[in-house]
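J.: My structure is stored as work-v3.cif, with mmCIF, C-alpha atoms.
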```cif
data_final
#
loop_
_atom_site.label_atom_id
_atom_site.label_comp_id
_atom_site.auth_asym_id
_atom_site.auth_seq_id
_atom_site.Cartn_x
_atom_site.Cartn_y
_atom_site.Cartn_z
CA MET A 3 165.66 279.43 268.15
CA VAL A 4 169.07 278.19 269.30
CA GLY A 5 170.96 275.91 266.94
CA VAL A 6 173.52 273.75 268.72
CA ASP A 7 176.19 271.70 267.00
CA VAL A 8 176.91 269.00 269.56
CA GLY A 9 180.36 267.46 269.81
CA LYS A 10 181.99 265.15 272.30
CA ASP A 11 183.97 267.99 273.87
CA ASN A 12 182.30 271.24 272.78
CA LEU A 13 178.91 272.78 272.05
CA HIS A 14 178.80 275.46 269.34
CA TYR A 15 175.63 277.54 269.48
CA THR A 16 173.86 280.29 267.56
CA TRP A 17 170.76 282.09 268.85
CA ARG A 18 168.41 283.61 266.28
CA GLU A 19 164.93 285.08 266.38
CA HIS A 20 164.99 285.76 262.63
CA PRO A 21 166.89 283.94 259.86
CA GLU A 22 169.03 287.05 259.26
CA GLN A 23 169.51 287.98 262.90
CA VAL A 24 172.13 286.59 265.29
CA LEU A 25 171.57 287.47 268.93
CA ALA A 26 174.35 285.37 270.39
CA CYS A 27 176.86 282.77 269.30
CA GLY A 28 179.89 281.02 270.70
CA ALA A 29 181.21 277.74 272.02
CA VAL A 30 181.24 276.13 275.46
CA ARG A 31 182.53 272.88 276.85
CA ASN A 32 180.14 269.92 276.76
CA THR A 33 180.09 269.74 280.54
CA PRO A 34 177.44 270.65 283.13
CA GLY A 35 179.14 274.02 283.62
CA GLY A 36 179.35 274.71 279.89
CA ILE A 37 175.73 273.70 279.36
CA GLY A 38 174.70 276.10 282.12
CA LYS A 39 176.54 278.95 280.37
CA LEU A 40 174.86 278.16 277.05
CA LEU A 41 171.39 278.19 278.61
CA ARG A 42 172.05 281.47 280.44
CA ARG A 43 173.29 283.17 277.27
CA THR A 44 170.32 282.16 275.11
CA ARG A 45 166.53 282.05 275.13
CA GLY A 46 163.87 279.94 273.45
CA ASP A 47 163.81 276.44 272.01
CA LEU A 48 166.89 274.53 270.92
CA VAL A 49 167.40 272.38 267.84
CA ILE A 50 170.10 269.71 267.49
CA GLU A 51 170.85 266.76 265.24
CA PRO A 52 170.89 263.15 266.51
CA THR A 53 174.13 262.83 268.48
CA GLY A 54 173.75 259.68 270.54
CA ARG A 55 174.76 260.20 274.15
CA TYR A 56 176.71 263.42 273.56
CA GLY A 57 173.60 265.60 273.52
CA GLU A 58 171.55 263.97 276.26
CA ALA A 59 172.88 266.12 279.12
CA LEU A 60 172.01 269.27 277.16
CA VAL A 61 168.51 268.01 276.41
CA ARG A 62 167.82 267.12 280.02
CA ALA A 63 169.17 270.43 281.35
CA ALA A 64 167.17 272.49 278.84
CA ARG A 65 163.94 270.66 279.59
CA ALA A 66 164.53 271.07 283.32
CA GLU A 67 164.33 274.82 282.64
CA GLY A 68 161.09 274.44 280.68
CA ARG A 69 162.71 274.80 277.24
CA GLU A 70 162.03 272.39 274.42
CA VAL A 71 164.72 270.69 272.39
CA LEU A 72 163.77 269.73 268.85
CA LEU A 73 165.26 267.02 266.67
CA ALA A 74 166.67 268.02 263.27
CA PRO A 75 166.48 264.87 261.09
CA THR A 76 169.97 264.21 259.75
CA ARG A 77 169.17 264.07 256.05
CA ARG A 78 166.89 267.11 256.03
CA ALA A 79 169.29 269.12 258.16
CA LYS A 80 172.27 268.15 256.01
CA ALA A 81 170.48 269.24 252.85
CA ALA A 82 169.40 272.50 254.46
CA LEU A 83 172.91 273.30 255.72
CA ALA A 84 174.41 272.58 252.31
CA SER A 85 171.95 274.96 250.65
CA LEU A 86 172.43 277.71 253.24
CA TYR A 87 176.23 277.51 253.44
CA PRO A 88 177.54 275.70 250.34
CA ARG A 89 181.11 277.03 250.72
CA ALA A 90 181.79 276.34 254.37
CA LYS A 91 181.49 273.44 256.81
CA THR A 92 182.50 274.22 260.37
CA ASP A 93 180.93 273.66 263.77
CA ARG A 94 180.14 277.38 264.01
CA VAL A 95 178.50 277.42 260.60
CA ASP A 96 176.54 274.27 261.39
CA SER A 97 175.10 275.81 264.55
CA ALA A 98 174.02 278.90 262.60
CA GLY A 99 172.45 276.70 259.94
CA LEU A 100 170.61 274.62 262.52
CA ALA A 101 169.14 277.76 264.08
CA THR A 102 167.86 278.87 260.68
CA PHE A 103 166.60 275.38 259.94
CA GLY A 104 164.72 275.37 263.23
CA LEU A 105 163.06 278.69 262.41
CA ILE A 106 161.95 277.74 258.91
CA GLY A 107 161.56 273.99 259.45
CA TYR A 108 158.16 272.44 259.92
CA GLY A 109 156.93 269.51 261.93
CA LEU A 110 160.10 269.12 263.98
CA ARG A 111 159.56 266.63 266.77
CA PRO A 112 160.87 266.84 270.33
CA TYR A 113 164.27 265.22 270.75
CA PRO A 114 163.67 261.66 272.04
CA LEU A 115 165.39 260.59 275.23
CA PRO A 116 165.60 256.93 276.18
CA SER A 117 164.12 255.63 279.42
CA VAL A 118 166.43 254.36 282.14
CA ALA A 119 165.74 250.76 281.10
CA VAL A 120 166.41 251.46 277.42
CA ASP A 121 169.57 253.43 278.15
CA THR A 122 170.90 250.70 280.46
CA VAL A 123 170.20 247.95 277.93
CA ARG A 124 171.92 249.88 275.14
CA GLN A 125 175.01 250.61 277.20
CA LEU A 126 175.32 246.98 278.24
CA GLN A 127 174.84 245.88 274.63
CA ARG A 128 177.66 248.17 273.52
CA ALA A 129 179.89 246.66 276.19
CA ARG A 130 178.94 243.18 275.01
CA ARG A 131 179.81 244.14 271.46
CA THR A 132 183.32 245.04 272.65
CA TYR A 133 183.86 241.56 274.04
CA SER A 134 182.22 239.98 270.99
CA ARG A 135 184.71 241.72 268.70
CA GLN A 136 187.59 240.72 270.96
CA LEU A 137 186.44 237.10 270.94
CA ALA A 138 186.23 237.08 267.14
CA SER A 139 189.74 238.52 266.97
CA VAL A 140 191.11 235.90 269.37
CA LYS A 141 189.54 233.09 267.35
CA GLN A 142 191.20 234.40 264.21
CA GLN A 143 194.54 234.60 265.99
CA VAL A 144 194.22 231.03 267.24
CA LYS A 145 193.80 229.89 263.63
CA SER A 146 196.75 231.88 262.36
CA LEU A 147 198.97 231.31 265.42
CA PRO A 148 198.33 227.69 266.43
CA ARG A 149 201.45 227.51 268.59
CA ALA A 150 200.20 230.47 270.63
CA ALA A 151 196.75 228.95 271.13
CA ALA A 152 197.47 228.04 274.76
CA ALA A 153 198.57 231.61 275.54
CA LEU A 154 195.41 232.99 273.96
CA GLU A 155 193.07 230.57 275.74
CA PRO A 156 192.70 232.65 278.96
CA LEU A 157 191.64 235.67 276.89
CA ARG A 158 189.11 233.58 274.95
CA LEU A 159 187.61 232.24 278.17
CA LEU A 160 187.51 235.73 279.68
CA CYS A 161 185.55 237.08 276.71
CA ILE A 162 183.08 234.20 276.90
CA ALA A 163 182.60 234.67 280.65
CA GLN A 164 182.14 238.43 280.37
CA MET A 165 179.62 238.06 277.54
CA ALA A 166 177.64 235.56 279.61
CA GLN A 167 177.66 237.98 282.56
CA LEU A 168 176.55 240.85 280.33
CA ASP A 169 173.75 238.69 278.92
CA ARG A 170 172.42 238.25 282.45
CA GLU A 171 172.71 241.98 283.16
CA ILE A 172 170.97 242.85 279.87
CA ALA A 173 168.09 240.52 280.73
CA ALA A 174 167.81 242.11 284.18
CA ALA A 175 167.86 245.62 282.71
CA ALA A 176 165.20 244.71 280.14
CA ALA A 177 162.99 243.44 282.97
CA LEU A 178 162.94 246.99 284.42
CA ASP A 179 160.49 247.85 281.63
CA PRO A 180 157.70 245.23 281.46
CA ARG A 181 156.97 246.21 277.86
CA ILE A 182 160.49 245.33 276.74
CA GLY A 183 160.48 242.08 278.66
CA SER A 184 157.11 241.07 277.22
CA ALA A 185 158.11 241.97 273.67
CA ALA A 186 161.42 240.09 273.98
CA ARG A 187 159.57 236.95 275.10
CA GLN A 188 157.32 237.21 272.04
CA LEU A 189 160.21 237.78 269.63
CA ILE A 190 162.38 234.90 270.80
CA ALA A 191 160.05 232.48 268.99
CA ILE A 192 161.16 233.91 265.63
CA PRO A 193 163.70 231.65 263.88
CA GLY A 194 167.21 233.02 264.36
CA PHE A 195 166.25 235.16 267.34
CA GLY A 196 168.12 234.38 270.55
CA PRO A 197 168.04 236.31 273.84
CA VAL A 198 170.49 238.98 272.65
CA VAL A 199 168.71 239.74 269.37
CA SER A 200 165.26 239.59 270.98
CA VAL A 201 166.11 242.15 273.65
CA ALA A 202 167.90 244.44 271.18
CA VAL A 203 164.98 244.45 268.73
CA ALA A 204 162.37 244.73 271.48
CA THR A 205 164.20 247.68 273.05
CA SER A 206 164.31 249.55 269.75
CA LEU A 207 160.67 248.86 268.88
CA ILE A 208 159.36 249.85 272.31
CA ASP A 209 161.56 252.95 272.56
CA ARG A 210 160.91 254.33 269.06
CA GLN A 211 157.30 253.26 268.49
CA PHE A 212 157.61 253.02 264.70
CA SER A 213 154.29 253.55 262.93
CA SER A 214 155.07 251.12 260.10
CA PRO A 215 157.47 248.26 259.33
CA ASP A 216 159.05 250.42 256.61
CA GLN A 217 160.08 252.95 259.24
CA PHE A 218 161.72 250.22 261.31
CA VAL A 219 163.54 248.78 258.28
CA ALA A 220 164.80 252.27 257.37
CA PHE A 221 165.91 252.93 260.95
CA ILE A 222 168.04 249.78 260.82
CA GLY A 223 169.45 250.74 257.42
CA LEU A 224 168.19 247.61 255.67
CA ASP A 225 166.15 249.53 253.11
CA ILE A 226 167.30 249.63 249.50
CA GLN A 227 168.84 252.76 248.03
CA VAL A 228 167.21 253.40 244.66
CA GLN A 229 168.75 255.75 242.13
CA GLN A 230 167.28 256.83 238.81
CA SER A 231 168.64 259.41 236.42
CA GLY A 232 167.95 259.41 232.70
CA ARG A 233 168.64 255.94 231.38
CA SER A 234 170.38 254.88 234.57
CA LYS A 235 168.04 252.94 236.81
CA GLY A 236 168.50 250.39 239.53
CA ASN A 237 169.11 249.52 243.13
CA HIS A 238 172.43 250.39 244.69
CA GLY A 239 172.60 248.34 247.87
CA LEU A 240 171.50 249.13 251.40
CA THR A 241 171.25 252.69 252.66
CA LYS A 242 173.08 251.68 255.87
CA THR A 243 171.94 254.95 257.45
CA GLY A 244 170.43 253.48 260.59
CA ASP A 245 171.53 251.58 263.66
CA PRO A 246 174.61 249.54 262.61
CA GLU A 247 174.57 247.19 265.61
CA LEU A 248 170.92 246.30 265.14
CA ARG A 249 171.58 245.74 261.44
CA ARG A 250 174.45 243.39 262.30
CA LEU A 251 172.33 241.42 264.77
CA LEU A 252 169.47 240.99 262.31
CA PHE A 253 171.92 239.88 259.62
CA LEU A 254 173.25 237.21 262.00
CA ALA A 255 169.68 236.26 262.91
CA ALA A 256 168.88 235.80 259.22
CA ARG A 257 171.86 233.50 258.81
CA ALA A 258 170.72 231.49 261.82
CA ALA A 259 167.14 231.33 260.50
CA THR A 260 168.35 229.52 257.38
CA THR A 261 169.55 226.66 259.58
CA SER A 262 166.29 226.27 261.52
CA LYS A 263 165.13 222.65 261.67
CA THR A 264 161.60 223.48 262.80
CA ASP A 265 160.78 226.26 260.32
CA THR A 266 162.39 225.38 256.99
CA GLN A 267 160.71 228.07 254.88
CA TRP A 268 163.55 230.50 255.64
CA ARG A 269 166.14 228.07 254.33
CA GLN A 270 164.01 227.30 251.29
CA ARG A 271 163.61 230.97 250.44
CA TYR A 272 167.34 231.53 250.93
CA GLN A 273 168.11 228.75 248.46
CA GLN A 274 165.61 230.23 245.99
CA LEU A 275 167.32 233.61 246.19
CA LEU A 276 170.71 232.04 245.60
CA ALA A 277 169.35 230.05 242.65
CA SER A 278 168.06 233.28 241.12
CA GLY A 279 171.64 234.58 240.99
CA MET A 280 171.62 236.67 244.15
CA ALA A 281 174.83 236.84 246.18
CA THR A 282 174.87 235.26 249.63
CA THR A 283 175.12 238.60 251.45
CA ALA A 284 172.27 240.12 249.45
CA ALA A 285 170.09 237.06 250.01
CA THR A 286 170.76 237.18 253.75
CA ASN A 287 169.84 240.87 253.80
CA VAL A 288 166.53 240.05 252.12
CA LEU A 289 165.73 237.64 254.95
CA ALA A 290 166.99 240.12 257.57
CA ARG A 291 164.59 242.70 256.17
CA LYS A 292 161.72 240.23 256.44
CA LEU A 293 162.68 239.35 260.01
CA ALA A 294 162.55 243.04 260.89
CA ARG A 295 159.04 243.33 259.43
CA VAL A 296 157.87 240.22 261.26
CA ALA A 297 159.28 241.54 264.55
CA TRP A 298 157.55 244.90 264.07
CA SER A 299 154.22 243.21 263.37
CA ILE A 300 154.44 240.99 266.46
CA VAL A 301 155.22 243.90 268.79
CA ALA A 302 152.85 246.40 267.14
CA HIS A 303 149.87 244.04 267.17
CA GLY A 304 150.70 242.08 270.29
CA THR A 305 150.66 238.75 268.48
CA SER A 306 152.93 235.72 268.53
CA TYR A 307 155.09 234.23 265.79
CA SER A 308 153.32 231.92 263.37
CA ALA A 309 155.19 230.30 260.50
CA ALA A 310 151.94 229.91 258.58
CA ARG A 311 151.26 233.67 258.70
CA VAL A 312 154.74 234.65 257.60
CA GLY A 313 154.19 233.27 254.10
CA ASN A 314 157.09 233.95 251.76
CA PRO A 315 160.03 235.11 253.93
CA GLY A 316 161.62 236.81 250.96
CA THR A 317 158.91 239.41 250.47
#
```
Will you turn the file into structure tokens for me?
T.:
Amino acid sequence: MVGVDVGKDNLHYTWREHPEQVLACGAVRNTPGGIGKLLRRTRGDLVIEPTGRYGEALVRAARAEGREVLLAPTRRAKAALASLYPRAKTDRVDSAGLATFGLIGYGLRPYPLPSVAVDTVRQLQRARRTYSRQLASVKQQVKSLPRAAAALEPLRLLCIAQMAQLDREIAAAAALDPRIGSAARQLIAIPGFGPVVSVAVATSLIDRQFSSPDQFVAFIGLDIQVQQSGRSKGNHGLTKTGDPELRRLLFLAARAATTSKTDTQWRQRYQQLLASGMATTAATNVLARKLARVAWSIVAHGTSYSAARVGNPGT
């Protein structure tokens, strides 16, 4: 088993065939040449933590050679590394710990790689987020610098134009996978869901194939962190351990759902939550969590949105 600590620039690796045995270790550049060196110096399966795009080249190269790459779930791997090496935290130590974790771990799944359509949609969505943040910043500056509003106007218009262009490119990329396109068309009927949110949620649901709505909620980071110790009991906010962009989009969708004129149950439930003493952000998160569950159900069962079937949006 080869444990690899993946970084943007470097790959630290440790090759073990027994928890107490190190056959090879070292570091290479995270480049095609460095990946080739790592694969030539080691044998067997590899295990890495979720690293976004930084580990995809390694995964593809290893699988091209007939070697499997396993996914070490972040929380389990973190706990294992802390127990194995409580006094040190370095890239080298992490790679050694991952190799041991891979040897003694159970039920590790193959590392998931996105399809071309999914990868394209996600990259375009990240680019759109850049312009969205810039637009929000410009709007704030216009308010605080009214005499500079004319100078800022070209930048505001540029952001709007680029976001519109990216929206068209995202829709075209989603159409490359008929499943994503079909799911997005189903989801857009949900209150608060526009083209951007629909494609983002559809892409995640189709790519990950969550077996339950709870898994999807946890992936987004909208699940509640519960802590109990002795007399201390209670909820301590969202875990926020999942996809931050998807969480942001669903939060905005929940806010939009409360203004729906055709499906008023979301607004009614929002007002009920506020009347119970819940803060506005917490109440919106409750609705965002429900929206995530509704979206999962529609895609998983191939149904369409029905306000009558949703029932209480706050559950």
J.: How many Å separate atom CA of A:Ala294 from atom CA of A:Phe218?
T.: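 The value is 7.2 Å.
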J.: Fewer than 3 positions away in the same chain doesn't count, so skip those; otherwise give me all residues within 8 Å of stretch 153-155 of chain A, counting only C-alpha atoms, as a PDB file with C-alpha atoms, in the coordinates of the input.
T.:
```
ATOM      1  CA  VAL A 140     191.110 235.900 269.370  1.00  0.00           C
ATOM      2  CA  VAL A 144     194.220 231.030 267.240  1.00  0.00           C
ATOM      3  CA  ALA A 150     200.200 230.470 270.630  1.00  0.00           C
ATOM      4  CA  ARG A 158     189.110 233.580 274.950  1.00  0.00           C
ATOM      5  CA  LEU A 159     187.610 232.240 278.170  1.00  0.00           C
TER       6      LEU A 159
END
```
J.: State, in Å with one decimal place, the distance from atom CA of A:Arg43 to atom CA of A:Cys27.
T.: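 Atom CA of A:Cys27 lies at a distance of 8.7 Å from atom CA of A:Arg43.
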J.: Might you spell out which residues the PyMOL selection byres ((chain A and resi 20) around 12) would select in the displayed file, as a PyMOL selection string?
T.: chain A and resi 3-4+16-19+21-25+98+101-106
J.: Check the smallest atom-to-atom distance from each of A:Val296, A:Val203, A:Leu189, A:Ala176 to A:Pro215 using only C-alpha atoms, then report the winner.
T.: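 Answer, going by the shortest atom-to-atom distance: A:Val296.
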J.: Which is closest to A:Ser308 among A:Leu157, A:Ile192, A:Ala29, A:Ala284, if we use only C-alpha atoms?
T.: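 When distances to A:Ser308 are compared using only C-alpha atoms, the smallest one comes from A:Ile192.
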J.: Identify, on the basis of all atoms listed in the file, every residue whose closest approach to A:Gly35 does not exceed 12 Å; exclude the query and any residue fewer than 2 positions from it along the same chain; express the result as a PyMOL selection string.
T.: chain A and resi 12-13+30-33+37-42+59-60+63
J.: For the selection just defined, write its residues with C-alpha atoms to a file, as a JSON list (two decimals), in the coordinates of the input.
T.:
```json
[["chain", "number", "residue", "atom", "x", "y", "z"],
["A", 12, "ASN", "CA", 182.30, 271.24, 272.78],
["A", 13, "LEU", "CA", 178.91, 272.78, 272.05],
["A", 30, "VAL", "CA", 181.24, 276.13, 275.46],
["A", 31, "ARG", "CA", 182.53, 272.88, 276.85],
["A", 32, "ASN", "CA", 180.14, 269.92, 276.76],
["A", 33, "THR", "CA", 180.09, 269.74, 280.54],
["A", 37, "ILE", "CA", 175.73, 273.70, 279.36],
["A", 38, "GLY", "CA", 174.70, 276.10, 282.12],
["A", 39, "LYS", "CA", 176.54, 278.95, 280.37],
["A", 40, "LEU", "CA", 174.86, 278.16, 277.05],
["A", 41, "LEU", "CA", 171.39, 278.19, 278.61],
["A", 42, "ARG", "CA", 172.05, 281.47, 280.44],
["A", 59, "ALA", "CA", 172.88, 266.12, 279.12],
["A", 60, "LEU", "CA", 172.01, 269.27, 277.16],
["A", 63, "ALA", "CA", 169.17, 270.43, 281.35]]
```
J.: Work out how far atom CA of A:Glu247 is from atom CA of A:Gly183, in Å to one decimal.
T.: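 Separating atom CA of A:Gly183 from atom CA of A:Glu247 is a distance of 19.9 Å.
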J.: Running the PyMOL selection byres ((chain A and resi 253) around 12) on this model by hand, what would come out? Give it as a ChimeraX atom specification.
T.: /A:194-195,199,222-224,246-252,254-260,282-294
J.: Limited to C-alpha atoms, could you put the picked residues into a file as a short mmCIF file (atom, residue, chain, number, x, y, z; two decimals), in the coordinates of the input?
T.:
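Generated output (selection.cif):
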```
data_model
loop_
_atom_site.label_atom_id
_atom_site.label_comp_id
_atom_site.auth_asym_id
_atom_site.auth_seq_id
_atom_site.Cartn_x
_atom_site.Cartn_y
_atom_site.Cartn_z
CA GLY A 194 167.21 233.02 264.36
CA PHE A 195 166.25 235.16 267.34
CA VAL A 199 168.71 239.74 269.37
CA ILE A 222 168.04 249.78 260.82
CA GLY A 223 169.45 250.74 257.42
CA LEU A 224 168.19 247.61 255.67
CA PRO A 246 174.61 249.54 262.61
CA GLU A 247 174.57 247.19 265.61
CA LEU A 248 170.92 246.30 265.14
CA ARG A 249 171.58 245.74 261.44
CA ARG A 250 174.45 243.39 262.30
CA LEU A 251 172.33 241.42 264.77
CA LEU A 252 169.47 240.99 262.31
CA LEU A 254 173.25 237.21 262.00
CA ALA A 255 169.68 236.26 262.91
CA ALA A 256 168.88 235.80 259.22
CA ARG A 257 171.86 233.50 258.81
CA ALA A 258 170.72 231.49 261.82
CA ALA A 259 167.14 231.33 260.50
CA THR A 260 168.35 229.52 257.38
CA THR A 282 174.87 235.26 249.63
CA THR A 283 175.12 238.60 251.45
CA ALA A 284 172.27 240.12 249.45
CA ALA A 285 170.09 237.06 250.01
CA THR A 286 170.76 237.18 253.75
CA ASN A 287 169.84 240.87 253.80
CA VAL A 288 166.53 240.05 252.12
CA LEU A 289 165.73 237.64 254.95
CA ALA A 290 166.99 240.12 257.57
CA ARG A 291 164.59 242.70 256.17
CA LYS A 292 161.72 240.23 256.44
CA LEU A 293 162.68 239.35 260.01
CA ALA A 294 162.55 243.04 260.89
#
```
J.: For this structure, which residues satisfy the selection - the PyMOL selection byres ((chain A and resi 82) around 12) - when it is evaluated on the file as given? I want them as a list in words.
T.: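 Selected by the PyMOL selection byres ((chain A and resi 82) around 12) in this file: Ala74, Pro75, Thr76, Arg77, Arg78, Ala79, Lys80, Ala81, Leu83, Ala84, Ser85, Leu86, Tyr87, Pro88, Asp96, Ala98, Gly99, Leu100, Ala101, Thr102, Phe103, Gly104, Leu105, Ile106 and Gly107 of chain A.
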J.: Counting only C-alpha atoms, what is within 12 Å of A:Glu171, bar same-chain residues fewer than 3 positions away, as a ChimeraX atom specification?
T.: /A:119,122-127,129-130,164-168,174-178,197-198,201
J.: What lies within 10 Å of A:Phe212 using all atoms listed in the file, ignoring chain neighbours under 6 positions off, as a PyMOL selection string?
T.: chain A and resi 206+218-219+221+298+302
J.: Neighbouring residues of A:Ala186 were defined as those with any atom within 7 Å, considering all atoms listed in the file; residues of the same chain fewer than 4 positions away were excluded. Please report them as a list in words.
T.: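 Counting only the stated atoms, we get Ile182, Ile190, Ser200, Val201 and Ala204 of chain A.
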J.: For a cutoff of 12 Å around the file-coordinate point (163.2, 268.5, 279.9), which residues qualify once you count all atoms listed in the file? I'd like the result as a PyMOL selection string.
T.: chain A and resi 47-48+58-72+112-115
